[in-house]
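See below for target.cif, which holds mmCIF, C-alpha atoms.
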data_start
loop_
_atom_site.label_atom_id
_atom_site.label_comp_id
_atom_site.auth_asym_id
_atom_site.auth_seq_id
_atom_site.Cartn_x
_atom_site.Cartn_y
_atom_site.Cartn_z
CA MET A 1 31.79 -80.21 -197.10
CA ASP A 2 30.02 -77.13 -196.31
CA ASP A 3 27.27 -75.89 -198.42
CA PRO A 4 28.19 -72.41 -199.74
CA ARG A 5 24.59 -71.41 -199.69
CA THR A 6 24.47 -72.03 -195.97
CA ASP A 7 27.39 -69.69 -195.42
CA GLU A 8 25.74 -67.14 -197.60
CA THR A 9 22.47 -67.45 -195.71
CA HIS A 10 24.32 -67.18 -192.44
CA LEU A 11 26.11 -64.06 -193.68
CA THR A 12 22.85 -62.52 -194.85
CA ASP A 13 21.21 -63.20 -191.48
CA ALA A 14 24.16 -61.62 -189.63
CA THR A 15 24.03 -58.56 -191.86
CA ALA A 16 20.31 -58.23 -191.34
CA ALA A 17 20.74 -58.53 -187.57
CA ALA A 18 23.49 -55.89 -187.58
CA THR A 19 21.36 -53.63 -189.69
CA THR A 20 18.47 -54.09 -187.31
CA ARG A 21 20.70 -53.32 -184.31
CA THR A 22 22.04 -50.26 -186.09
CA ASP A 23 18.51 -49.09 -186.86
CA GLU A 24 17.44 -49.68 -183.24
CA ALA A 25 20.58 -48.07 -181.73
CA PRO A 26 19.66 -44.44 -182.55
CA ALA A 27 16.26 -44.95 -180.95
CA ASP A 28 17.87 -46.48 -177.83
CA VAL A 29 20.50 -43.72 -177.65
CA ALA A 30 17.84 -41.03 -177.99
CA ALA A 31 15.79 -42.65 -175.23
CA LEU A 32 18.86 -42.94 -173.01
CA GLN A 33 19.82 -39.31 -173.66
CA ALA A 34 16.28 -38.20 -172.82
CA GLU A 35 16.42 -40.24 -169.62
CA ILE A 36 19.82 -38.74 -168.75
CA GLU A 37 18.48 -35.22 -169.32
CA SER A 38 15.45 -36.01 -167.16
CA LEU A 39 17.68 -37.35 -164.39
CA LYS A 40 19.93 -34.27 -164.64
CA ARG A 41 16.92 -31.95 -164.28
CA GLU A 42 15.66 -33.99 -161.32
CA ALA A 43 19.11 -33.84 -159.68
CA GLU A 44 19.30 -30.06 -160.26
CA ASP A 45 15.80 -29.62 -158.77
CA ARG A 46 16.76 -31.66 -155.72
CA GLN A 47 20.01 -29.71 -155.38
CA ASP A 48 18.08 -26.43 -155.57
CA LYS A 49 15.55 -27.63 -152.99
CA MET A 50 18.35 -28.77 -150.69
CA LEU A 51 20.15 -25.43 -150.97
CA ARG A 52 16.91 -23.56 -150.26
CA ALA A 53 16.22 -25.77 -147.23
CA LEU A 54 19.75 -25.18 -145.93
CA ALA A 55 19.34 -21.42 -146.39
CA GLU A 56 16.00 -21.52 -144.56
CA VAL A 57 17.54 -23.47 -141.68
CA ASP A 58 20.42 -20.99 -141.51
CA ASN A 59 17.99 -18.04 -141.51
CA ALA A 60 15.92 -19.67 -138.75
CA ARG A 61 19.08 -20.24 -136.71
CA ARG A 62 20.13 -16.60 -137.10
CA ARG A 63 16.61 -15.40 -136.26
CA ALA A 64 16.57 -17.56 -133.11
CA GLN A 65 20.01 -16.28 -132.10
CA ARG A 66 18.89 -12.67 -132.59
CA ASP A 67 15.71 -13.34 -130.57
CA ARG A 68 17.78 -14.85 -127.74
CA GLU A 69 20.13 -11.86 -127.75
CA ASP A 70 17.18 -9.44 -127.67
CA TYR A 71 15.60 -11.39 -124.84
CA VAL A 72 18.78 -11.17 -122.78
CA ARG A 73 19.29 -7.50 -123.68
CA TYR A 74 15.74 -6.48 -122.77
CA ALA A 75 14.91 -9.04 -120.04
CA ALA A 76 15.00 -6.36 -117.35
CA GLU A 77 12.65 -4.02 -119.24
CA SER A 78 9.60 -4.78 -117.12
CA LEU A 79 11.49 -4.30 -113.86
CA VAL A 80 13.08 -1.05 -115.04
CA ARG A 81 9.71 0.32 -116.15
CA ASP A 82 8.45 -0.31 -112.62
CA LEU A 83 11.50 1.41 -111.09
CA ILE A 84 11.31 4.61 -113.16
CA PRO A 85 8.48 6.10 -111.03
CA VAL A 86 10.63 5.46 -107.94
CA LEU A 87 13.37 7.58 -109.51
CA ASP A 88 10.83 10.28 -110.33
CA ASN A 89 9.69 10.31 -106.69
CA LEU A 90 13.30 10.58 -105.51
CA ASP A 91 13.73 13.60 -107.80
CA ARG A 92 10.55 15.20 -106.43
CA ALA A 93 11.59 14.51 -102.85
CA LEU A 94 15.00 16.08 -103.44
CA ASP A 95 13.46 19.14 -105.10
CA ALA A 96 11.00 19.56 -102.21
CA ALA A 97 13.70 19.07 -99.55
CA ARG A 98 15.98 21.63 -101.21
CA ALA A 99 13.12 24.12 -101.55
CA ALA A 100 12.14 23.70 -97.89
CA GLY A 101 15.73 24.07 -96.74
CA ASN A 102 15.68 20.74 -94.89
CA ALA A 103 18.81 19.33 -93.31
CA PRO A 104 21.54 19.34 -95.94
CA SER A 105 22.90 16.02 -94.69
CA VAL A 106 19.54 14.30 -95.40
CA VAL A 107 19.38 15.88 -98.85
CA ASP A 108 22.96 14.78 -99.54
CA GLY A 109 22.14 11.23 -98.39
CA VAL A 110 19.09 10.98 -100.63
CA GLU A 111 21.14 12.42 -103.52
CA LEU A 112 23.78 9.74 -102.92
CA ILE A 113 21.11 7.00 -102.97
CA LYS A 114 19.71 8.37 -106.23
CA ARG A 115 23.17 8.47 -107.89
CA GLU A 116 23.89 4.89 -106.80
CA PHE A 117 20.48 3.79 -108.07
CA LEU A 118 21.24 5.38 -111.47
CA ARG A 119 24.68 3.68 -111.60
CA VAL A 120 23.09 0.27 -110.98
CA LEU A 121 20.59 0.93 -113.78
CA GLU A 122 23.40 2.06 -116.10
CA ARG A 123 25.22 -1.25 -115.53
CA ALA A 124 21.97 -2.95 -116.65
CA GLY A 125 21.95 -0.85 -119.86
CA VAL A 126 19.56 1.91 -118.73
CA THR A 127 20.42 5.49 -119.64
CA ARG A 128 18.63 8.58 -118.41
CA TYR A 129 18.49 11.50 -120.83
CA SER A 130 17.40 15.09 -120.76
CA ALA A 131 15.77 16.74 -123.75
CA ILE A 132 16.09 20.44 -122.91
CA GLY A 133 17.49 22.43 -125.84
CA GLN A 134 17.12 19.58 -128.32
CA PRO A 135 14.82 19.58 -131.35
CA PHE A 136 11.53 17.83 -130.61
CA ASP A 137 11.70 14.13 -131.57
CA PRO A 138 8.38 12.28 -131.22
CA THR A 139 10.23 8.97 -130.83
CA ARG A 140 12.12 10.22 -127.75
CA HIS A 141 9.91 13.03 -126.39
CA GLU A 142 6.30 13.31 -125.33
CA ALA A 143 5.05 16.90 -125.57
CA PHE A 144 2.54 17.92 -122.94
CA THR A 145 2.32 21.57 -124.02
CA ARG A 146 3.54 24.16 -126.50
CA VAL A 147 5.04 27.35 -125.16
CA VAL A 148 5.26 30.55 -127.21
CA SER A 149 8.88 31.63 -127.11
CA ALA A 150 10.76 34.35 -128.92
CA ASP A 151 14.08 33.04 -127.54
CA ALA A 152 13.91 29.40 -128.64
CA ALA A 153 13.58 28.07 -132.16
CA PRO A 154 10.19 26.55 -132.98
CA ASP A 155 9.89 22.83 -132.15
CA THR A 156 12.72 22.99 -129.62
CA VAL A 157 12.29 21.48 -126.14
CA VAL A 158 12.23 24.35 -123.63
CA ALA A 159 11.14 22.56 -120.44
CA GLU A 160 11.00 19.04 -119.07
CA THR A 161 8.79 17.62 -116.33
CA ALA A 162 10.32 14.11 -116.43
CA PRO A 163 13.52 12.82 -118.02
CA GLY A 164 13.47 10.03 -120.57
CA TYR A 165 14.94 6.56 -120.13
CA VAL A 166 16.50 4.24 -122.70
CA LEU A 167 17.35 0.54 -122.28
CA ASN A 168 20.09 -0.54 -124.69
CA GLY A 169 18.90 1.95 -127.31
CA ARG A 170 15.17 1.23 -126.86
CA VAL A 171 13.09 4.04 -125.38
CA LEU A 172 11.48 2.87 -122.14
CA ARG A 173 9.83 6.15 -121.36
CA PRO A 174 9.99 9.29 -123.48
CA ALA A 175 10.94 12.56 -121.80
CA MET A 176 7.87 14.63 -120.86
CA VAL A 177 8.55 18.02 -122.46
CA ALA A 178 7.24 21.47 -123.34
CA VAL A 179 7.98 22.50 -126.90
CA ALA A 180 8.62 26.02 -128.17
CA ALA A 181 6.20 27.55 -130.64
CA ALA A 182 6.85 30.60 -132.78
CA PRO A 183 5.15 33.79 -131.56
CA ASP A 184 1.99 34.52 -133.49
CA GLU A 185 2.80 37.37 -135.86
CA ASP A 186 -0.84 38.53 -135.97
CA ALA A 187 -0.89 39.02 -132.19
CA ALA A 188 1.98 41.54 -132.30
#
Let's see the structure in the file written out as structure tokens.
Amino acid sequence: MDDPRTDETHLTDATAAATTRTDEAPADVAALQAEIESLKREAEDRQDKMLRALAEVDNARRRAQRDREDYVRYAAESLVRDLIPVLDNLDRALDAARAAGNAPSVVDGVELIKREFLRVLERAGVTRYSAIGQPFDPTRHEAFTRVVSADAAPDTVVAETAPGYVLNGRVLRPAMVAVAAAPDEDAA
């Protein structure tokens, strides 16, 4: 038969082992919870870094697209800048021919060439503008003189020696202008 003391010893050993496991379990659970929290933080950090990297890539893509569009929009800028003096010379030639009373058919032909030239430039995004009568704008006008005028409001463009040109909203050459100044009250 079985010795009752052996059963009792076995029961005591099992209870002690269970008690030990129970005492160790909170420590293991706390360690596991700490590890879980650490892994959660690490996952959140990686998620944040990934989202930031994706945003940076998206911003770089948009920036590159905008740069490409600007390049296409303003690719002809150098050529147009070189052609503007040709237009100025056509204007001077027409003014001189009209003043001299040269053959009207030649003047009309040169005028036709100038209009066609301007149409071609307009299709490329170039716009010619005049500043006479407008308030002086240093971003669109280059003043070469101030003219005392009782008729025009101060800082108004009263004369223009060369028109301005814009390529797709960007000023290629500002209009060369004379700006009105108020008459000096002490001089009167």
* Asked: Out of A:Val126, A:Ala162, A:Ile84, A:Ala96, which residue has the shortest atom-to-atom distance to Ala175 of chain A when counting only C-alpha atoms?
  ->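 Of the candidates, the smallest distance to Ala175 of chain A is held by A:Ala162.
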* Asked: If you measure from atom CA of Gly169 of chain A to atom CA of Ile113 of chain A, what distance in Å do you get, rounded to one decimal?
  ->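 Taking atom CA of Gly169 of chain A as the start and atom CA of Ile113 of chain A as the end point, the length is 25.0 Å.
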Here's the selection I'm unsure about, the PyMOL selection byres ((chain A and resi 181) around 12); applied to the file above, which residues does it give, as a PDB file with C-alpha atoms, in the frame of the given file?
ATOM      1  CA  PRO A 135      14.820  19.580-131.350  1.00  0.00           C
ATOM      2  CA  PHE A 136      11.530  17.830-130.610  1.00  0.00           C
ATOM      3  CA  ALA A 143       5.050  16.900-125.570  1.00  0.00           C
ATOM      4  CA  THR A 145       2.320  21.570-124.020  1.00  0.00           C
ATOM      5  CA  ARG A 146       3.540  24.160-126.500  1.00  0.00           C
ATOM      6  CA  VAL A 147       5.040  27.350-125.160  1.00  0.00           C
ATOM      7  CA  VAL A 148       5.260  30.550-127.210  1.00  0.00           C
ATOM      8  CA  SER A 149       8.880  31.630-127.110  1.00  0.00           C
ATOM      9  CA  ALA A 150      10.760  34.350-128.920  1.00  0.00           C
ATOM     10  CA  ASP A 151      14.080  33.040-127.540  1.00  0.00           C
ATOM     11  CA  ALA A 152      13.910  29.400-128.640  1.00  0.00           C
ATOM     12  CA  ALA A 153      13.580  28.070-132.160  1.00  0.00           C
ATOM     13  CA  PRO A 154      10.190  26.550-132.980  1.00  0.00           C
ATOM     14  CA  ASP A 155       9.890  22.830-132.150  1.00  0.00           C
ATOM     15  CA  THR A 156      12.720  22.990-129.620  1.00  0.00           C
ATOM     16  CA  VAL A 157      12.290  21.480-126.140  1.00  0.00           C
ATOM     17  CA  VAL A 158      12.230  24.350-123.630  1.00  0.00           C
ATOM     18  CA  ALA A 178       7.240  21.470-123.340  1.00  0.00           C
ATOM     19  CA  VAL A 179       7.980  22.500-126.900  1.00  0.00           C
ATOM     20  CA  ALA A 180       8.620  26.020-128.170  1.00  0.00           C
ATOM     21  CA  ALA A 182       6.850  30.600-132.780  1.00  0.00           C
ATOM     22  CA  PRO A 183       5.150  33.790-131.560  1.00  0.00           C
ATOM     23  CA  ASP A 184       1.990  34.520-133.490  1.00  0.00           C
ATOM     24  CA  GLU A 185       2.800  37.370-135.860  1.00  0.00           C
TER      25      GLU A 185
END
* **Output of the PyMOL selection byres ((chain A and resi 62-74) around 9), listed as a list of chain:residue names** =>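 Here the PyMOL selection byres ((chain A and resi 62-74) around 9) matches A:Val57, A:Asp58, A:Asn59, A:Ala60, A:Arg61, A:Ala75, A:Ala76, A:Glu77, A:Ser78, A:Ala124, A:Gly125, A:Leu167, A:Asn168, A:Arg170.
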Please produce an output containing C-alpha atoms for each residue in the selection, written as a PDB file, in the coordinates of the input.
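To be explicit, this is the file written out as selection28.pdb:
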ATOM      1  CA  VAL A  57      17.540 -23.470-141.680  1.00  0.00           C
ATOM      2  CA  ASP A  58      20.420 -20.990-141.510  1.00  0.00           C
ATOM      3  CA  ASN A  59      17.990 -18.040-141.510  1.00  0.00           C
ATOM      4  CA  ALA A  60      15.920 -19.670-138.750  1.00  0.00           C
ATOM      5  CA  ARG A  61      19.080 -20.240-136.710  1.00  0.00           C
ATOM      6  CA  ALA A  75      14.910  -9.040-120.040  1.00  0.00           C
ATOM      7  CA  ALA A  76      15.000  -6.360-117.350  1.00  0.00           C
ATOM      8  CA  GLU A  77      12.650  -4.020-119.240  1.00  0.00           C
ATOM      9  CA  SER A  78       9.600  -4.780-117.120  1.00  0.00           C
ATOM     10  CA  ALA A 124      21.970  -2.950-116.650  1.00  0.00           C
ATOM     11  CA  GLY A 125      21.950  -0.850-119.860  1.00  0.00           C
ATOM     12  CA  LEU A 167      17.350   0.540-122.280  1.00  0.00           C
ATOM     13  CA  ASN A 168      20.090  -0.540-124.690  1.00  0.00           C
ATOM     14  CA  ARG A 170      15.170   1.230-126.860  1.00  0.00           C
TER      15      ARG A 170
END
* Structure fact -> atom CA of Ala131 of chain A to atom CA of Asp95 of chain A measures 18.9 Å
* Residue list as a ChimeraX atom specification for point (14.4, 11.7, -101.8), cut-off 8 Å, all atoms listed in the file -> /A:89-94,97,107,110-111,114
* Asked: Quick one: distance from atom CA of Val106 of chain A to atom CA of Val120 of chain A in Å, one decimal?
  ->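 Separation of atom CA of Val106 of chain A and atom CA of Val120 of chain A: 21.3 Å.
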* Residues within 7 Å of (12.8, 4.1, -117.2), counting all atoms listed in the file, listed as a PyMOL selection string -> chain A and resi 80-81+83-84+164-166+172-173
* To do: Return the single residue from A:Ile132, A:Gly101, A:Phe144, A:Leu87 that is closest to Glu116 of chain A, with distances computed using only C-alpha atoms.
  => A:Leu87
